[in-house]
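Since the structure comes first, as structure tokens, the remarks are kept for the end.
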Amino acid sequence: MTRPVPPKKNPLLRTRVPLLPPQPRSLRAQDLAAAAALGRFALQRCSGCGTVLYPARDACPECLGQDLPLTDIAAGGQLLSETVIHSTADPYFRRLTPIRQGLIRSDAGPTLIAFLHRACPPDGRVRLSLRLDRGGQVVVFAYPEKTPGPEDEEDPILRELTADPRHARVLLTDGRHPASPAICRALLDAGAAGVCVGLAERWKPSPQIDTLGAMAGVELIDLDPRDERSVTEAAADLGGRTELIIHSGFHYRPGALFDGGGALRIKDMMEGGALGMVRLAEAFGPALMGRGADGDRPALAWVNLLSLTAQMASPEAALYSAAQAAELSVSQSLRATLRQGGIRVVNVFHGALDIDWFEQVPPPKLGVTALAKGVVNALRQGLEDAYLGPKAEDFRDRLARNPKEVERSRWM
């Protein structure tokens, strides 16, 4: 059975204060957080003797080697023993009891303590995953080895480690984004309760407007991230009943540094991008953060759609790259702030989209449907950073190996 639609909240009842799980982690443990943010199951492996280590260490206990790169390993394991926690002194976990935990011998060697999905069989095979909790710290979560069904997504601990949009009320900030109809359709297919889509200057024609207006479950609202009054009025109406915000400001204009008129173009791009995000964060952020533990329908996440140029500039689109980099910088500060309320900030990175603005860009390009599905998948997995499409995945891997190679490849 999937989770039923949450009942309407009684306005006379107290809104629960968001709490965070215990936060202290070692510096080495942040290596695991980097893997969890991307949805990888990766542990330290000693380059000298090949031993796989857990928990994260500064030196190999077998050969004392200190070259311990993070390596993707087999996620299978055997559940050795388990316990169910019915009472705890920690305020955060007290709300989640009973909590099932187990000792698991990984196929790669180490033995781990993990949260157990309620469907994990006693003494059976499991699949291990690294997850980020509401405070942004890494934990280990074990699934049953069988193929998961829809009911598996309703495990209470798993819901704490993800941002599944089922039953969530969503705000999509820019209905003129080329992928806005596809994103709304993907969210509604995933069980979202409804999507409010912001439109600035409705009088301007747009093919997206007609499509969105005909979709059941979609409501068009007046919202212009460039206008502080518009944002404030929208937040007054929607702030207390929005669980998921997707900032989709799209204003792409190509142009190199010496093309002329650059200051005006970058100003236009930043008004709806980085500056628009600041206005939205100021208006919607406090209400979102205050509802991180709001009963059956808590606030979940803030999603930003970003170009790969946010991480590495493209000279032929220098101004757009700078605007995207500013947006990424704001999102990183937003993540640090919203985590105090248990709200995730998800950055979805993509290359050139398969739309008219990128007609001159050679393939592969990312389709709008793939972008929409990627957004929903990132929420369901509880990711912090998602790279969509072969081009973005290649960019991610190359950037991790040698940023200078990526920088110079963009000079061509």
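Note on naming: chains are A, B, ... as they come in the structure tokens, residues start from 1 per chain, ligands start from 1 in the order shown.
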Please identify every residue of region 40-151 of chain A that has at least one atom no farther than 12 Å from an atom of region 1-21 of chain A, counting only C-alpha atoms, and for each give the shortest atom pair and the distance in Å to one decimal, arranged by chain then increasing number, as CSV.
residue,atom,partner,partner_atom,distance
A:Ala89,CA,A:Pro21,CA,11.8
A:Asp90,CA,A:Pro21,CA,8.0
A:Pro91,CA,A:Leu19,CA,7.4
A:Tyr92,CA,A:Leu19,CA,5.5
A:Phe93,CA,A:Pro21,CA,7.1
A:Arg94,CA,A:Pro21,CA,10.3
A:Arg95,CA,A:Leu19,CA,9.6
A:Leu96,CA,A:Pro21,CA,11.0
A:Leu132,CA,A:Pro21,CA,10.9
A:Asp133,CA,A:Pro21,CA,7.5
A:Arg134,CA,A:Leu20,CA,6.4
A:Gly135,CA,A:Leu20,CA,5.7
A:Gly136,CA,A:Leu20,CA,9.4
A:Gln137,CA,A:Pro21,CA,8.8
A:Val138,CA,A:Pro21,CA,10.8
A:Val139,CA,A:Pro21,CA,10.5
A:Gly149,CA,A:Thr2,CA,9.8
A:Pro150,CA,A:Thr2,CA,6.7
A:Glu151,CA,A:Thr2,CA,5.1
query = Pro390 (chain A): which residues within 12 Å, counting only C-alpha atoms, same-chain residues fewer than 2 positions away excluded, as JSON, numbers by chain?
reply = {"A": [349, 350, 351, 352, 363, 364, 365, 366, 367, 370, 387, 388, 392, 393, 394, 395, 396, 397]}
Written file, previous selection with N, CA, C and O atoms, as a compact mmCIF listing (two decimals), in the first residue's frame:
# COMPACT_ATOMS: atom_id res chain seq x y z
N PHE A 349 22.45 19.78 -12.77
CA PHE A 349 23.32 20.33 -13.82
C PHE A 349 23.04 19.63 -15.15
O PHE A 349 22.90 18.40 -15.20
N HIS A 350 23.00 20.41 -16.20
CA HIS A 350 22.76 19.84 -17.53
C HIS A 350 23.57 20.60 -18.57
O HIS A 350 23.96 21.76 -18.36
N GLY A 351 23.83 19.95 -19.69
CA GLY A 351 24.48 20.60 -20.81
C GLY A 351 23.45 21.28 -21.69
O GLY A 351 22.37 21.66 -21.25
N ALA A 352 23.80 21.45 -22.97
CA ALA A 352 22.90 22.11 -23.91
C ALA A 352 21.60 21.32 -24.04
O ALA A 352 21.61 20.09 -24.18
N PRO A 363 25.46 17.55 -31.08
CA PRO A 363 24.99 16.54 -30.11
C PRO A 363 26.17 15.90 -29.40
O PRO A 363 27.31 15.99 -29.86
N PRO A 364 25.92 15.23 -28.26
CA PRO A 364 24.59 14.94 -27.69
C PRO A 364 24.01 16.13 -26.93
O PRO A 364 24.76 16.89 -26.29
N LYS A 365 22.70 16.30 -27.01
CA LYS A 365 21.99 17.32 -26.25
C LYS A 365 20.91 16.64 -25.41
O LYS A 365 20.49 15.53 -25.71
N LEU A 366 20.48 17.34 -24.38
CA LEU A 366 19.54 16.75 -23.42
C LEU A 366 18.12 17.17 -23.77
O LEU A 366 17.83 18.36 -23.91
N GLY A 367 17.22 16.20 -23.91
CA GLY A 367 15.83 16.49 -24.17
C GLY A 367 15.12 16.98 -22.92
O GLY A 367 15.52 16.67 -21.79
N ALA A 370 13.91 14.20 -20.62
CA ALA A 370 14.98 13.62 -19.81
C ALA A 370 15.33 14.53 -18.64
O ALA A 370 15.62 14.06 -17.53
N TYR A 387 23.81 15.21 -12.28
CA TYR A 387 24.33 15.54 -13.61
C TYR A 387 23.56 14.71 -14.62
O TYR A 387 23.62 13.48 -14.60
N LEU A 388 22.83 15.38 -15.50
CA LEU A 388 21.88 14.69 -16.38
C LEU A 388 22.42 14.58 -17.79
O LEU A 388 22.84 15.57 -18.40
N ALA A 392 26.87 15.69 -19.45
CA ALA A 392 27.05 16.18 -18.09
C ALA A 392 27.82 15.18 -17.23
O ALA A 392 28.66 15.57 -16.41
N GLU A 393 27.55 13.90 -17.41
CA GLU A 393 28.26 12.88 -16.64
C GLU A 393 29.75 12.86 -17.02
O GLU A 393 30.62 12.73 -16.14
N ASP A 394 30.04 13.00 -18.30
CA ASP A 394 31.44 13.07 -18.74
C ASP A 394 32.12 14.31 -18.17
O ASP A 394 33.27 14.26 -17.73
N PHE A 395 31.41 15.43 -18.20
CA PHE A 395 31.95 16.68 -17.62
C PHE A 395 32.28 16.48 -16.15
O PHE A 395 33.35 16.89 -15.67
N ARG A 396 31.37 15.87 -15.39
CA ARG A 396 31.59 15.63 -13.97
C ARG A 396 32.85 14.81 -13.73
O ARG A 396 33.68 15.16 -12.87
N ASP A 397 33.01 13.73 -14.47
CA ASP A 397 34.16 12.85 -14.27
C ASP A 397 35.46 13.53 -14.66
O ASP A 397 36.48 13.40 -13.96
inquiry  = Taking the DSSP secondary structure from the backbone, can you list the residues of region 131-198 of chain A that are strand (DSSP E or B), as a PyMOL selection string?
reply    = chain A and resi 131-132+138-144+169-172+194-198
Would you export the selected residues with N, CA and C atoms as a PDB file, in the first residue's frame, please?
ATOM      1  N   ARG A 131      23.494   7.647   1.940  1.00  0.00           N
ATOM      2  CA  ARG A 131      22.450   8.658   1.877  1.00  0.00           C
ATOM      3  C   ARG A 131      22.848   9.870   2.712  1.00  0.00           C
ATOM      4  N   LEU A 132      22.280  11.010   2.377  1.00  0.00           N
ATOM      5  CA  LEU A 132      22.461  12.212   3.174  1.00  0.00           C
ATOM      6  C   LEU A 132      21.232  12.422   4.040  1.00  0.00           C
ATOM      7  N   VAL A 138      26.332  12.046   6.005  1.00  0.00           N
ATOM      8  CA  VAL A 138      26.164  10.744   5.357  1.00  0.00           C
ATOM      9  C   VAL A 138      25.784   9.664   6.367  1.00  0.00           C
ATOM     10  N   VAL A 139      24.865   8.784   5.951  1.00  0.00           N
ATOM     11  CA  VAL A 139      24.506   7.584   6.703  1.00  0.00           C
ATOM     12  C   VAL A 139      24.412   6.431   5.705  1.00  0.00           C
ATOM     13  N   VAL A 140      24.400   5.210   6.234  1.00  0.00           N
ATOM     14  CA  VAL A 140      24.269   4.020   5.387  1.00  0.00           C
ATOM     15  C   VAL A 140      22.843   3.501   5.518  1.00  0.00           C
ATOM     16  N   PHE A 141      22.230   3.208   4.372  1.00  0.00           N
ATOM     17  CA  PHE A 141      20.861   2.688   4.351  1.00  0.00           C
ATOM     18  C   PHE A 141      20.842   1.418   3.515  1.00  0.00           C
ATOM     19  N   ALA A 142      20.140   0.391   4.005  1.00  0.00           N
ATOM     20  CA  ALA A 142      20.101  -0.903   3.329  1.00  0.00           C
ATOM     21  C   ALA A 142      18.702  -1.199   2.820  1.00  0.00           C
ATOM     22  N   TYR A 143      18.643  -1.604   1.549  1.00  0.00           N
ATOM     23  CA  TYR A 143      17.398  -2.029   0.898  1.00  0.00           C
ATOM     24  C   TYR A 143      17.341  -3.546   0.846  1.00  0.00           C
ATOM     25  N   PRO A 144      16.161  -4.114   0.677  1.00  0.00           N
ATOM     26  CA  PRO A 144      16.098  -5.539   0.324  1.00  0.00           C
ATOM     27  C   PRO A 144      16.693  -5.747  -1.063  1.00  0.00           C
ATOM     28  N   ARG A 169       3.046  19.814  -2.669  1.00  0.00           N
ATOM     29  CA  ARG A 169       2.566  20.957  -3.433  1.00  0.00           C
ATOM     30  C   ARG A 169       3.793  21.719  -3.908  1.00  0.00           C
ATOM     31  N   VAL A 170       3.894  21.926  -5.220  1.00  0.00           N
ATOM     32  CA  VAL A 170       5.137  22.374  -5.860  1.00  0.00           C
ATOM     33  C   VAL A 170       4.959  23.769  -6.443  1.00  0.00           C
ATOM     34  N   LEU A 171       6.025  24.563  -6.362  1.00  0.00           N
ATOM     35  CA  LEU A 171       6.090  25.851  -7.052  1.00  0.00           C
ATOM     36  C   LEU A 171       7.202  25.787  -8.083  1.00  0.00           C
ATOM     37  N   LEU A 172       6.855  25.949  -9.354  1.00  0.00           N
ATOM     38  CA  LEU A 172       7.824  26.066 -10.446  1.00  0.00           C
ATOM     39  C   LEU A 172       7.908  27.544 -10.791  1.00  0.00           C
ATOM     40  N   GLY A 194      -0.097  18.981  -6.713  1.00  0.00           N
ATOM     41  CA  GLY A 194      -0.390  20.048  -7.657  1.00  0.00           C
ATOM     42  C   GLY A 194       0.846  20.880  -7.881  1.00  0.00           C
ATOM     43  N   VAL A 195       0.868  21.620  -8.989  1.00  0.00           N
ATOM     44  CA  VAL A 195       2.014  22.457  -9.330  1.00  0.00           C
ATOM     45  C   VAL A 195       1.520  23.861  -9.641  1.00  0.00           C
ATOM     46  N   CYS A 196       2.024  24.845  -8.908  1.00  0.00           N
ATOM     47  CA  CYS A 196       1.791  26.252  -9.232  1.00  0.00           C
ATOM     48  C   CYS A 196       2.963  26.731 -10.089  1.00  0.00           C
ATOM     49  N   VAL A 197       2.662  27.317 -11.214  1.00  0.00           N
ATOM     50  CA  VAL A 197       3.694  27.728 -12.165  1.00  0.00           C
ATOM     51  C   VAL A 197       3.691  29.242 -12.289  1.00  0.00           C
ATOM     52  N   GLY A 198       4.837  29.852 -12.013  1.00  0.00           N
ATOM     53  CA  GLY A 198       4.953  31.290 -12.081  1.00  0.00           C
ATOM     54  C   GLY A 198       5.109  31.792 -13.507  1.00  0.00           C
TER      55      GLY A 198
END
request  = Give the answer as one residue: which of A:Arg291, A:Arg226, A:Arg410, A:Arg100 has the shortest atom-to-atom distance to Asp268 (chain A), using only C-alpha atoms?
outcome  =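 Among A:Arg291, A:Arg226, A:Arg410, A:Arg100, it is A:Arg226 that comes nearest to Asp268 (chain A).
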Of the listed residues A:Glu160, A:Asp210, A:Glu359, A:Asp189, that which approaches Arg176 (chain A) most closely, counting only C-alpha atoms = A:Asp210
Residue nearest Phe358 (chain A) - candidates A:Ala35, A:Met270, A:Ala317, A:Ala192, atoms counted: only C-alpha atoms =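 Answer, going by the shortest atom-to-atom distance: A:Ala317.
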ask   = Where does DSSP see helix (DSSP H, G or I) in region 71-153 of chain A, if you list the residues as a ChimeraX atom specification?
value = /A:91-94,150-153
request  = Kindly give the distance, in Å, that separates CA of Gly239 (chain A) and CA of Met289 (chain A), rounded to a single decimal.
outcome  = 10.4 Å
For Pro122 (chain A), please output as a short mmCIF file (atom, residue, chain, number, x, y, z; two decimals) with N, CA and C atoms, in the first residue's frame all residues within 9 Å (counting only C-alpha atoms; exclusion window: fewer than 6 positions along the same chain).
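Final output, around_5.cif:
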data_model
loop_
_atom_site.label_atom_id
_atom_site.label_comp_id
_atom_site.auth_asym_id
_atom_site.auth_seq_id
_atom_site.Cartn_x
_atom_site.Cartn_y
_atom_site.Cartn_z
N LEU A 79 22.96 -9.44 5.79
CA LEU A 79 22.52 -8.95 7.10
C LEU A 79 22.88 -9.99 8.16
N LEU A 80 23.74 -9.62 9.11
CA LEU A 80 24.21 -10.54 10.13
C LEU A 80 23.32 -10.52 11.37
N SER A 81 22.91 -9.35 11.80
CA SER A 81 22.07 -9.22 12.98
C SER A 81 21.35 -7.88 12.92
N GLU A 82 20.30 -7.74 13.71
CA GLU A 82 19.54 -6.49 13.70
C GLU A 82 18.95 -6.22 15.06
#
message = Under the rule that only C-alpha atoms are counted, which of A:Thr242, A:Thr309, A:Ser129, A:Ser106 is the nearest residue to Arg40 (chain A)?
response =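 Comparing A:Thr242, A:Thr309, A:Ser129, A:Ser106 against Arg40 (chain A), the winner is A:Ser129.
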ask   = Please, what distance in Å, to one decimal, runs between CA of Thr71 (chain A) and CA of Tyr54 (chain A)?
value =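 So the answer is 12.0 Å.
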